[in-house]
file data_13.txt (compact mmCIF, C-alpha atoms)
# COMPACT_ATOMS: atom_id res chain seq x y z
CA MET A 9 -59.93 12.19 -146.50
CA THR A 10 -62.94 10.14 -145.45
CA SER A 11 -63.61 8.98 -141.94
CA HIS A 12 -63.08 5.29 -142.76
CA PRO A 13 -61.18 3.49 -139.99
CA HIS A 14 -57.93 2.00 -141.24
CA HIS A 15 -57.77 -1.72 -140.62
CA GLY A 16 -54.41 -2.73 -139.20
CA ILE A 17 -52.64 -6.05 -139.51
CA GLY A 18 -54.63 -8.71 -137.70
CA ALA A 19 -58.07 -7.11 -138.05
CA VAL A 20 -59.30 -10.13 -140.01
CA ARG A 21 -59.73 -13.11 -137.71
CA PRO A 22 -60.16 -16.79 -138.64
CA GLU A 23 -62.95 -19.20 -137.86
CA GLY A 24 -61.49 -22.46 -136.61
CA TRP A 25 -58.05 -21.31 -137.87
CA VAL A 26 -59.46 -20.96 -141.39
CA TYR A 27 -59.44 -17.59 -143.18
CA ALA A 28 -62.25 -18.35 -145.62
CA ARG A 29 -63.97 -14.93 -145.78
CA ALA A 30 -60.93 -12.74 -146.31
CA PRO A 31 -57.13 -12.86 -146.03
CA MET A 32 -55.50 -11.10 -143.11
CA ILE A 33 -52.76 -9.74 -145.38
CA ILE A 34 -52.57 -9.06 -149.11
CA TYR A 35 -48.99 -8.85 -150.35
CA TRP A 36 -49.05 -6.69 -153.47
CA GLU A 37 -45.94 -6.53 -155.64
CA VAL A 38 -46.64 -3.13 -157.19
CA THR A 39 -43.46 -3.25 -159.30
CA THR A 40 -40.51 -5.50 -160.01
CA ALA A 41 -38.22 -2.49 -160.52
CA CYS A 42 -35.44 -2.40 -157.92
CA GLY A 43 -31.91 -1.09 -157.56
CA LEU A 44 -30.64 -4.18 -155.72
CA ALA A 45 -29.68 -7.63 -157.02
CA CYS A 46 -30.30 -9.91 -154.04
CA GLN A 47 -29.22 -13.53 -154.31
CA HIS A 48 -32.56 -14.80 -152.98
CA CYS A 49 -34.94 -12.40 -154.77
CA ARG A 50 -38.31 -14.09 -155.27
CA ALA A 51 -39.28 -11.46 -157.85
CA THR A 52 -35.99 -11.62 -159.83
CA ALA A 53 -36.19 -7.82 -159.73
CA MET A 54 -34.66 -5.65 -162.45
CA LEU A 55 -33.76 -1.97 -162.74
CA GLU A 56 -36.83 -1.13 -164.85
CA PRO A 57 -40.49 -2.13 -164.42
CA GLY A 58 -41.47 -5.47 -165.93
CA PRO A 59 -43.93 -5.80 -168.82
CA GLY A 60 -47.60 -5.70 -167.92
CA GLU A 61 -47.24 -3.68 -164.72
CA LEU A 62 -50.68 -2.50 -163.61
CA SER A 63 -51.55 1.11 -164.41
CA THR A 64 -52.81 3.52 -161.74
CA ALA A 65 -56.37 3.06 -162.96
CA GLN A 66 -56.05 -0.73 -162.84
CA ALA A 67 -54.52 -0.56 -159.35
CA LEU A 68 -57.38 1.61 -158.11
CA SER A 69 -59.82 -0.95 -159.52
CA VAL A 70 -58.01 -3.64 -157.51
CA LEU A 71 -58.34 -1.48 -154.38
CA ASP A 72 -62.09 -1.28 -155.05
CA SER A 73 -62.31 -5.06 -155.23
CA ILE A 74 -60.30 -5.43 -151.98
CA ALA A 75 -62.84 -3.16 -150.29
CA GLY A 76 -65.42 -5.75 -151.39
CA PHE A 77 -64.15 -8.17 -148.74
CA GLY A 78 -66.13 -6.13 -146.23
CA THR A 79 -65.43 -5.39 -142.58
CA PRO A 80 -62.94 -6.06 -141.18
CA LEU A 81 -60.82 -5.49 -144.26
CA PRO A 82 -57.51 -7.16 -145.11
CA HIS A 83 -54.27 -5.25 -144.65
CA ILE A 84 -52.12 -4.52 -147.71
CA VAL A 85 -48.34 -4.77 -147.77
CA PHE A 86 -47.00 -2.95 -150.82
CA THR A 87 -43.86 -4.77 -151.84
CA GLY A 88 -41.73 -5.35 -154.94
CA GLY A 89 -39.08 -5.09 -156.33
CA ASP A 90 -38.95 -1.75 -154.64
CA PRO A 91 -42.34 -0.07 -154.23
CA LEU A 92 -40.56 3.30 -153.94
CA ARG A 93 -39.71 2.92 -157.64
CA ARG A 94 -43.41 3.27 -158.47
CA GLY A 95 -44.32 6.89 -159.23
CA ASP A 96 -47.92 6.68 -158.02
CA LEU A 97 -47.13 4.93 -154.73
CA ASP A 98 -48.35 7.82 -152.56
CA VAL A 99 -51.59 7.90 -154.54
CA LEU A 100 -52.15 4.17 -153.98
CA ILE A 101 -51.44 4.53 -150.25
CA ALA A 102 -53.86 7.44 -149.90
CA GLU A 103 -56.54 5.77 -152.02
CA ALA A 104 -56.30 2.61 -149.92
CA GLY A 105 -56.84 4.82 -146.88
CA THR A 106 -59.99 6.41 -148.32
CA ARG A 107 -61.40 2.89 -148.65
CA GLY A 108 -60.49 2.07 -145.05
CA ILE A 109 -57.72 -0.33 -146.04
CA GLY A 110 -54.60 -0.27 -143.87
CA VAL A 111 -51.22 -0.26 -145.63
CA SER A 112 -47.67 -1.25 -144.80
CA LEU A 113 -44.60 -0.90 -147.01
CA ALA A 114 -41.66 -3.20 -147.80
CA PRO A 115 -39.13 -0.84 -149.40
CA ALA A 116 -35.73 -1.81 -150.72
CA VAL A 117 -32.83 -0.07 -149.01
CA THR A 118 -31.48 2.14 -151.79
CA ARG A 119 -30.80 5.84 -152.19
CA LEU A 120 -34.57 6.36 -152.54
CA LEU A 121 -35.11 5.39 -148.89
CA THR A 122 -34.33 8.63 -147.08
CA ARG A 123 -35.71 9.90 -143.79
CA ALA A 124 -37.66 12.54 -145.75
CA ARG A 125 -39.20 9.86 -147.99
CA LEU A 126 -40.11 7.76 -144.95
CA ALA A 127 -41.85 10.80 -143.46
CA GLU A 128 -43.79 11.24 -146.72
CA VAL A 129 -45.09 7.68 -146.84
CA ARG A 130 -45.95 7.84 -143.14
CA ASP A 131 -47.95 11.00 -143.76
CA ALA A 132 -49.60 9.37 -146.80
CA GLY A 133 -50.90 6.65 -144.49
CA VAL A 134 -48.30 3.86 -144.19
CA GLN A 135 -48.76 2.21 -140.79
CA ALA A 136 -45.54 0.14 -140.69
CA ILE A 137 -42.56 -0.84 -142.81
CA SER A 138 -40.34 -3.88 -143.15
CA LEU A 139 -36.60 -3.82 -143.71
CA SER A 140 -34.38 -6.72 -144.73
CA LEU A 141 -31.24 -7.44 -142.73
CA ASP A 142 -29.48 -10.61 -143.82
CA GLY A 143 -26.25 -10.29 -141.88
CA SER A 144 -24.73 -8.84 -138.74
CA ASP A 145 -22.19 -6.75 -140.63
CA ALA A 146 -21.48 -5.38 -144.09
CA VAL A 147 -19.55 -8.45 -145.21
CA HIS A 148 -22.47 -10.80 -144.53
CA HIS A 149 -25.36 -8.53 -145.50
CA ASP A 150 -23.93 -6.78 -148.57
CA GLY A 151 -22.74 -10.14 -149.87
CA VAL A 152 -26.36 -11.35 -150.00
CA ARG A 153 -27.81 -8.03 -151.19
CA GLY A 154 -25.40 -7.55 -154.06
CA VAL A 155 -24.73 -3.84 -153.44
CA SER A 156 -22.02 -2.49 -151.12
CA GLY A 157 -23.15 0.00 -148.51
CA THR A 158 -26.55 -1.62 -148.06
CA PHE A 159 -25.84 -2.77 -144.50
CA ASP A 160 -25.01 0.72 -143.26
CA ALA A 161 -28.02 2.15 -145.08
CA THR A 162 -30.32 -0.46 -143.51
CA ILE A 163 -29.16 0.42 -140.00
CA GLN A 164 -29.69 4.09 -140.84
CA ALA A 165 -33.22 3.35 -142.13
CA LEU A 166 -33.97 1.44 -138.93
CA GLU A 167 -32.90 4.47 -136.89
CA ASP A 168 -34.81 6.87 -139.15
CA ALA A 169 -38.03 4.87 -138.82
CA ALA A 170 -37.67 4.83 -135.03
CA ALA A 171 -37.15 8.61 -135.01
CA LEU A 172 -40.29 9.05 -137.13
CA GLY A 173 -42.38 6.71 -135.00
CA ILE A 174 -42.88 4.15 -137.77
CA PRO A 175 -43.17 0.54 -136.53
CA VAL A 176 -40.60 -1.73 -138.20
CA GLN A 177 -40.45 -5.44 -138.91
CA VAL A 178 -36.97 -6.71 -139.76
CA ASN A 179 -36.82 -9.64 -142.19
CA THR A 180 -33.81 -11.97 -142.21
CA LEU A 181 -33.11 -14.74 -144.68
CA VAL A 182 -32.43 -18.18 -143.22
CA ALA A 183 -30.33 -20.35 -145.54
CA ALA A 184 -27.26 -22.55 -145.21
CA GLN A 185 -25.17 -19.48 -146.05
CA THR A 186 -26.70 -17.27 -143.31
CA VAL A 187 -27.67 -19.56 -140.43
CA ASP A 188 -24.41 -19.34 -138.47
CA ASP A 189 -24.68 -15.54 -138.38
CA LEU A 190 -28.23 -15.45 -136.94
CA PRO A 191 -27.21 -15.11 -133.26
CA ALA A 192 -25.05 -12.09 -134.17
CA VAL A 193 -27.96 -10.56 -136.11
CA TYR A 194 -30.18 -10.99 -133.06
CA GLU A 195 -27.64 -9.34 -130.77
CA LEU A 196 -27.37 -6.42 -133.19
CA LEU A 197 -31.16 -5.98 -133.37
CA ARG A 198 -31.50 -5.99 -129.58
CA HIS A 199 -29.96 -2.53 -129.63
CA HIS A 200 -32.52 -1.13 -132.07
CA THR A 201 -36.23 -0.38 -132.07
CA LEU A 202 -38.41 -2.90 -133.89
CA THR A 203 -41.70 -4.67 -133.30
CA ARG A 204 -40.92 -8.01 -134.90
CA TRP A 205 -38.02 -10.07 -136.23
CA SER A 206 -39.25 -12.29 -139.04
CA LEU A 207 -37.03 -15.09 -140.27
CA PHE A 208 -37.67 -16.08 -143.89
CA PHE A 209 -36.67 -19.68 -144.47
CA LEU A 210 -35.40 -19.96 -148.03
CA ILE A 211 -37.52 -21.61 -150.71
CA SER A 212 -35.82 -22.24 -154.02
CA VAL A 213 -37.83 -19.86 -156.21
CA GLY A 214 -36.68 -16.90 -158.30
CA ARG A 215 -33.03 -16.11 -157.58
CA GLY A 216 -33.29 -18.18 -154.38
CA THR A 217 -32.04 -21.21 -156.31
CA GLN A 218 -28.54 -19.70 -155.98
CA LEU A 219 -28.64 -20.39 -152.22
CA GLU A 220 -29.08 -23.58 -150.21
CA GLU A 221 -32.02 -24.43 -147.96
CA LEU A 222 -31.37 -25.81 -144.48
CA SER A 223 -31.76 -29.49 -143.78
CA ALA A 224 -34.79 -30.46 -141.70
CA GLY A 225 -32.58 -31.20 -138.69
CA ALA A 226 -30.77 -27.87 -138.92
CA ALA A 227 -34.10 -26.06 -139.25
CA GLU A 228 -35.43 -27.82 -136.15
CA ARG A 229 -32.40 -26.66 -134.15
CA VAL A 230 -33.08 -23.08 -135.26
CA MET A 231 -36.73 -23.45 -134.14
CA HIS A 232 -35.73 -24.46 -130.61
CA TRP A 233 -33.24 -21.59 -130.44
CA LEU A 234 -35.94 -19.13 -131.55
CA GLN A 235 -38.33 -20.45 -128.93
CA LYS A 236 -35.74 -19.69 -126.23
CA LEU A 237 -35.30 -16.18 -127.65
CA ASN A 238 -39.04 -15.55 -127.49
CA VAL A 239 -38.97 -15.84 -123.70
CA ASP A 240 -37.29 -12.48 -123.13
CA SER A 241 -36.79 -10.93 -126.57
CA PRO A 242 -37.62 -7.19 -126.69
CA PHE A 243 -39.53 -7.87 -129.93
CA GLN A 244 -41.63 -10.69 -131.36
CA VAL A 245 -39.78 -13.44 -133.20
CA LYS A 246 -41.64 -15.24 -135.98
CA THR A 247 -40.89 -17.40 -139.00
CA VAL A 248 -42.04 -17.35 -142.62
CA GLU A 249 -42.32 -20.57 -144.65
CA ALA A 250 -41.27 -22.49 -141.54
CA MET A 251 -44.61 -22.95 -139.83
CA GLN A 252 -43.30 -25.81 -137.68
CA HIS A 253 -42.06 -23.09 -135.34
CA ARG A 254 -45.66 -23.13 -134.09
CA ARG A 255 -45.43 -26.85 -133.29
CA VAL A 256 -42.15 -26.36 -131.43
CA ALA A 257 -43.67 -23.45 -129.47
CA VAL A 258 -46.76 -25.49 -128.55
CA GLN A 259 -44.59 -28.40 -127.40
CA HIS A 260 -42.59 -26.03 -125.18
CA MET A 261 -45.73 -24.39 -123.76
CA ARG A 262 -47.40 -27.72 -123.03
CA ARG A 263 -44.33 -28.87 -121.14
CA GLU A 264 -44.63 -25.68 -119.09
CA GLY A 265 -48.21 -26.60 -118.21
CA LEU A 266 -50.08 -24.02 -120.28
CA SER A 267 -53.68 -24.81 -121.21
CA GLU A 268 -54.92 -24.93 -124.80
CA GLU A 269 -56.70 -21.60 -124.21
CA GLN A 270 -53.49 -20.01 -122.93
CA ILE A 271 -51.54 -21.39 -125.89
CA GLU A 272 -54.08 -20.12 -128.42
CA GLY A 273 -54.12 -16.69 -126.74
CA SER A 274 -50.34 -16.33 -126.71
CA PRO A 275 -48.47 -14.05 -129.15
CA ILE A 276 -47.51 -17.01 -131.33
CA GLY A 277 -51.05 -18.33 -131.07
CA ARG A 278 -52.36 -15.26 -132.83
CA GLY A 279 -50.51 -16.44 -135.92
CA PHE A 280 -51.91 -19.96 -135.86
CA GLY A 281 -53.35 -21.13 -139.16
CA ILE A 282 -51.78 -18.42 -141.31
CA ARG A 283 -49.95 -19.85 -144.33
CA ASP A 284 -49.92 -19.69 -148.12
CA GLY A 285 -53.51 -19.14 -149.26
CA ASN A 286 -54.95 -19.18 -145.72
CA GLY A 287 -54.88 -15.63 -144.41
CA ILE A 288 -52.39 -14.63 -147.11
CA VAL A 289 -52.75 -13.94 -150.81
CA PHE A 290 -50.34 -12.37 -153.29
CA ILE A 291 -50.83 -10.00 -156.24
CA ALA A 292 -47.96 -9.81 -158.74
CA HIS A 293 -46.92 -6.66 -160.62
CA ASP A 294 -49.01 -7.74 -163.62
CA GLY A 295 -52.09 -8.60 -161.56
CA VAL A 296 -51.59 -12.37 -161.43
CA VAL A 297 -52.92 -13.71 -158.10
CA SER A 298 -51.28 -16.61 -156.26
CA PRO A 299 -51.48 -18.06 -152.73
CA SER A 300 -48.23 -16.31 -151.70
CA GLY A 301 -45.16 -14.70 -153.20
CA PHE A 302 -43.22 -17.94 -152.72
CA MET A 303 -45.89 -20.06 -154.40
CA PRO A 304 -46.15 -19.38 -158.15
CA LEU A 305 -49.52 -21.08 -158.57
CA PRO A 306 -51.61 -18.73 -160.76
CA LEU A 307 -55.23 -18.39 -159.64
CA GLY A 308 -56.43 -15.55 -161.88
CA ARG A 309 -55.59 -12.00 -162.81
CA VAL A 310 -56.86 -8.73 -161.36
CA PRO A 311 -58.54 -6.41 -162.07
CA GLU A 312 -60.18 -8.55 -164.80
CA ASP A 313 -61.01 -11.25 -162.23
CA ASN A 314 -62.56 -10.32 -158.89
CA LEU A 315 -60.13 -10.85 -156.01
CA VAL A 316 -62.89 -11.63 -153.49
CA GLU A 317 -64.24 -14.38 -155.76
CA ILE A 318 -60.75 -15.80 -156.34
CA TYR A 319 -59.87 -15.85 -152.67
CA ARG A 320 -63.14 -17.31 -151.41
CA HIS A 321 -63.93 -19.82 -154.13
CA HIS A 322 -60.90 -20.85 -156.20
CA PRO A 323 -60.58 -24.64 -155.78
CA ASP A 324 -56.83 -24.47 -155.14
CA LEU A 325 -57.30 -21.98 -152.26
CA VAL A 326 -60.23 -23.93 -150.83
CA ALA A 327 -58.01 -27.04 -150.81
CA LEU A 328 -55.06 -25.21 -149.24
CA ARG A 329 -57.33 -24.13 -146.38
CA ASP A 330 -58.58 -27.68 -145.73
CA VAL A 331 -55.96 -29.52 -143.68
CA THR A 332 -57.90 -32.79 -144.07
CA GLN A 333 -56.71 -32.83 -147.70
CA TYR A 334 -53.02 -32.71 -146.75
CA LYS A 335 -50.93 -35.77 -147.54
CA GLY A 336 -48.12 -37.68 -145.89
CA ARG A 337 -46.86 -36.56 -142.49
CA CYS A 338 -48.66 -33.20 -142.66
CA GLY A 339 -51.93 -35.07 -143.27
CA ARG A 340 -51.44 -37.14 -140.11
CA CYS A 341 -50.09 -34.35 -137.93
CA PRO A 342 -52.08 -33.23 -134.86
CA TYR A 343 -50.61 -29.74 -135.27
CA ALA A 344 -51.92 -29.37 -138.84
CA ARG A 345 -54.68 -26.86 -138.05
CA TRP A 346 -52.24 -24.53 -136.27
CA CYS A 347 -49.17 -25.13 -138.43
CA GLY A 348 -50.15 -26.52 -141.81
CA GLY A 349 -46.59 -26.57 -143.08
CA SER A 350 -45.16 -24.57 -145.95
CA ARG A 351 -47.44 -25.22 -148.89
CA ALA A 352 -44.97 -23.29 -151.05
CA ARG A 353 -42.07 -25.59 -150.15
CA ALA A 354 -44.25 -28.66 -150.69
CA LEU A 355 -45.05 -27.38 -154.18
CA ALA A 356 -41.41 -26.47 -154.94
CA TRP A 357 -40.07 -29.86 -153.82
CA THR A 358 -42.83 -32.26 -154.90
CA GLY A 359 -45.01 -30.41 -157.41
CA ASP A 360 -48.00 -30.94 -155.11
CA PRO A 361 -48.97 -28.11 -152.70
CA LEU A 362 -50.87 -30.57 -150.48
CA GLU A 363 -47.86 -32.81 -149.83
CA SER A 364 -45.76 -32.78 -146.64
CA ASP A 365 -43.39 -29.89 -145.94
CA PRO A 366 -39.91 -31.42 -146.38
CA LEU A 367 -38.34 -28.93 -143.95
CA CYS A 368 -40.17 -30.41 -140.95
CA PRO A 369 -38.70 -33.60 -139.43
CA TYR A 370 -41.65 -34.32 -137.13
CA VAL A 371 -43.10 -37.81 -137.57
CA PRO A 372 -46.63 -38.09 -136.13
CA ARG A 373 -47.72 -41.30 -134.47
CA GLU A 374 -50.23 -43.34 -136.48
CA GLN A 375 -53.03 -42.59 -134.03
CA ASP A 376 -52.41 -38.86 -134.54
CA HIS A 377 -54.25 -38.96 -137.87
CA THR A 378 -57.62 -39.45 -136.21
CA GLU A 379 -56.87 -36.69 -133.70
CA ALA A 380 -55.77 -34.28 -136.44
CA THR A 381 -58.89 -34.92 -138.51
CA SER A 382 -61.27 -34.46 -135.60
CA VAL A 383 -59.50 -31.29 -134.43
CA ALA A 384 -59.47 -29.78 -137.91
CA SER A 385 -63.18 -30.44 -138.38
CA GLY A 386 -63.99 -28.95 -134.99
CA ALA A 387 -65.14 -32.28 -133.58

call {"tool": "encode", "arguments": {"input": "data_13.txt", "output": "structure tokens"}}
result
Amino acid sequence: MTSHPHHGIGAVRPEGWVYARAPMIIYWEVTTACGLACQHCRATAMLEPGPGELSTAQALSVLDSIAGFGTPLPHIVFTGGDPLRRGDLDVLIAEAGTRGIGVSLAPAVTRLLTRARLAEVRDAGVQAISLSLDGSDAVHHDGVRGVSGTFDATIQALEDAAALGIPVQVNTLVAAQTVDDLPAVYELLRHHTLTRWSLFFLISVGRGTQLEELSAGAAERVMHWLQKLNVDSPFQVKTVEAMQHRRVAVQHMRREGLSEEQIEGSPIGRGFGIRDGNGIVFIAHDGVVSPSGFMPLPLGRVPEDNLVEIYRHHPDLVALRDVTQYKGRCGRCPYARWCGGSRARALAWTGDPLESDPLCPYVPREQDHTEATSVASGA
């Protein structure tokens, strides 16, 4: 093992809320093979690996290109499918480590996820894991996950990770079918050890078209509830593909008299700007690169194409990082540089990733457009 420092999540910082040099996180779907059949699966995972899955040699070449981002390096989250279904996973984790690249893991909760296996990936170099919990009991969770017994196994994995000293993020789906159960999920998680609760707001991609997205008004009510939780929650609470949580948080903090510096230095402030293609990029099992896993907008294919070149210079990513190009309400919004809306949902609903996020009900005042443009440009 070399003496390279491992870069953890958050090592890459933005300039003016723009991650132009390197993403903070690279989500890498190392396989689509998985033993579950979740209703909302973005990857439409199957039992066996999909065609075109990158070989070990190809994956190592991708790791070499990620190292080309330079210091500080992005953090990789190996996801799937189920990354534990990939036979060379421990090799990829260790090889990332020799290049100084920090790694987290998003395993599926199946029979492969044992305490012994968790200890192995920890020892190989995994710095954190994420687990999905989509309900407060077996009826709710197993109904979404498609396999009975998954709820009990997820709670066991949460306890195993705590015993092994592995930091855990718990991911929970937010859809019309799950929203009423969220308070019960929170109460359950309060009795367990985790660093972050991340709420994934459904976007109708992959198998997710089987479920129903929240209305904008319902989503806004969830945002205000989450902001109240954040006051005394034992773990961080964040949202995915619902960036307007940042706007709601800023509105709350301004009412409490916090300065802009205090707001930007707060826990939620450290996530400002991060969205599809800005601080995040996604590598599919076959090497196809897109702005995020929820945004099937192909930008190139690794290892044939260089990931650093794609991320820094692809016109679609450059546009996604430029809030002055956003249209409609997002284009006029004074919170655009911090929030930016879900570019993936804009694409899914309108066909244009620069359009307004339909999940956000906020209507900026007309004079806000000038303010948003000057703020985004650093004026």

call {"tool": "closest_residue", "arguments": {"input": "data_13.txt", "among": "A:Ser112, A:Leu190, A:Ser69, A:Val38", "to": "Asp96 of chain A", "atoms": "only C-alpha atoms"}}
result
A:Val38

call {"tool": "atom_distance", "arguments": {"input": "data_13.txt", "atom1": "atom CA of Gly339 of chain A", "atom2": "atom CA of Asn179 of chain A"}}
result
29.6 Å

call {"tool": "closest_residue", "arguments": {"input": "data_13.txt", "among": "A:Arg123, A:Lys236, A:Arg153, A:His293", "to": "Thr87 of chain A", "atoms": "all atoms listed in the file"}}
result
A:His293

call {"tool": "residues_around", "arguments": {"input": "data_13.txt", "residues": "Leu305 of chain A", "least_positions_apart": "2", "cutoff": "10 Å", "atoms": "all atoms listed in the file", "output": "ChimeraX atom specification"}}
result
/A:296-303,307-308,324,352,355,361

call {"tool": "write_last_selection", "arguments": {"input": "data_13.txt", "atoms": "C-alpha atoms", "output": "PDB file, keeping the file's coordinate frame"}}
result
ATOM      1  CA  VAL A 296     -51.590 -12.370-161.430  1.00  0.00           C
ATOM      2  CA  VAL A 297     -52.920 -13.710-158.100  1.00  0.00           C
ATOM      3  CA  SER A 298     -51.280 -16.610-156.260  1.00  0.00           C
ATOM      4  CA  PRO A 299     -51.480 -18.060-152.730  1.00  0.00           C
ATOM      5  CA  SER A 300     -48.230 -16.310-151.700  1.00  0.00           C
ATOM      6  CA  GLY A 301     -45.160 -14.700-153.200  1.00  0.00           C
ATOM      7  CA  PHE A 302     -43.220 -17.940-152.720  1.00  0.00           C
ATOM      8  CA  MET A 303     -45.890 -20.060-154.400  1.00  0.00           C
ATOM      9  CA  LEU A 307     -55.230 -18.390-159.640  1.00  0.00           C
ATOM     10  CA  GLY A 308     -56.430 -15.550-161.880  1.00  0.00           C
ATOM     11  CA  ASP A 324     -56.830 -24.470-155.140  1.00  0.00           C
ATOM     12  CA  ALA A 352     -44.970 -23.290-151.050  1.00  0.00           C
ATOM     13  CA  LEU A 355     -45.050 -27.380-154.180  1.00  0.00           C
ATOM     14  CA  PRO A 361     -48.970 -28.110-152.700  1.00  0.00           C
TER      15      PRO A 361
END

call {"tool": "residues_around", "arguments": {"input": "data_13.txt", "residues": "Trp346 of chain A", "least_positions_apart": "4", "cutoff": "8 Å", "atoms": "all atoms listed in the file", "output": "ChimeraX atom specification"}}
result
/A:25,254-255,280-282

call {"tool": "closest_residue", "arguments": {"input": "data_13.txt", "among": "A:Val176, A:Leu181, A:Val20, A:Cys368", "to": "Gly225 of chain A", "atoms": "all atoms listed in the file"}}
result
A:Cys368

call {"tool": "closest_residue", "arguments": {"input": "data_13.txt", "among": "A:Pro22, A:Gly154, A:Thr39, A:Pro311", "to": "Leu68 of chain A", "atoms": "only C-alpha atoms"}}
result
A:Pro311

call {"tool": "atom_distance", "arguments": {"input": "data_13.txt", "atom1": "atom CA of Ser350 of chain A", "atom2": "atom CA of Asp284 of chain A"}}
result
7.2 Å

call {"tool": "closest_residue", "arguments": {"input": "data_13.txt", "among": "A:Asp98, A:Glu128, A:Glu195, A:Glu228", "to": "His253 of chain A", "atoms": "all atoms listed in the file"}}
result
A:Glu228
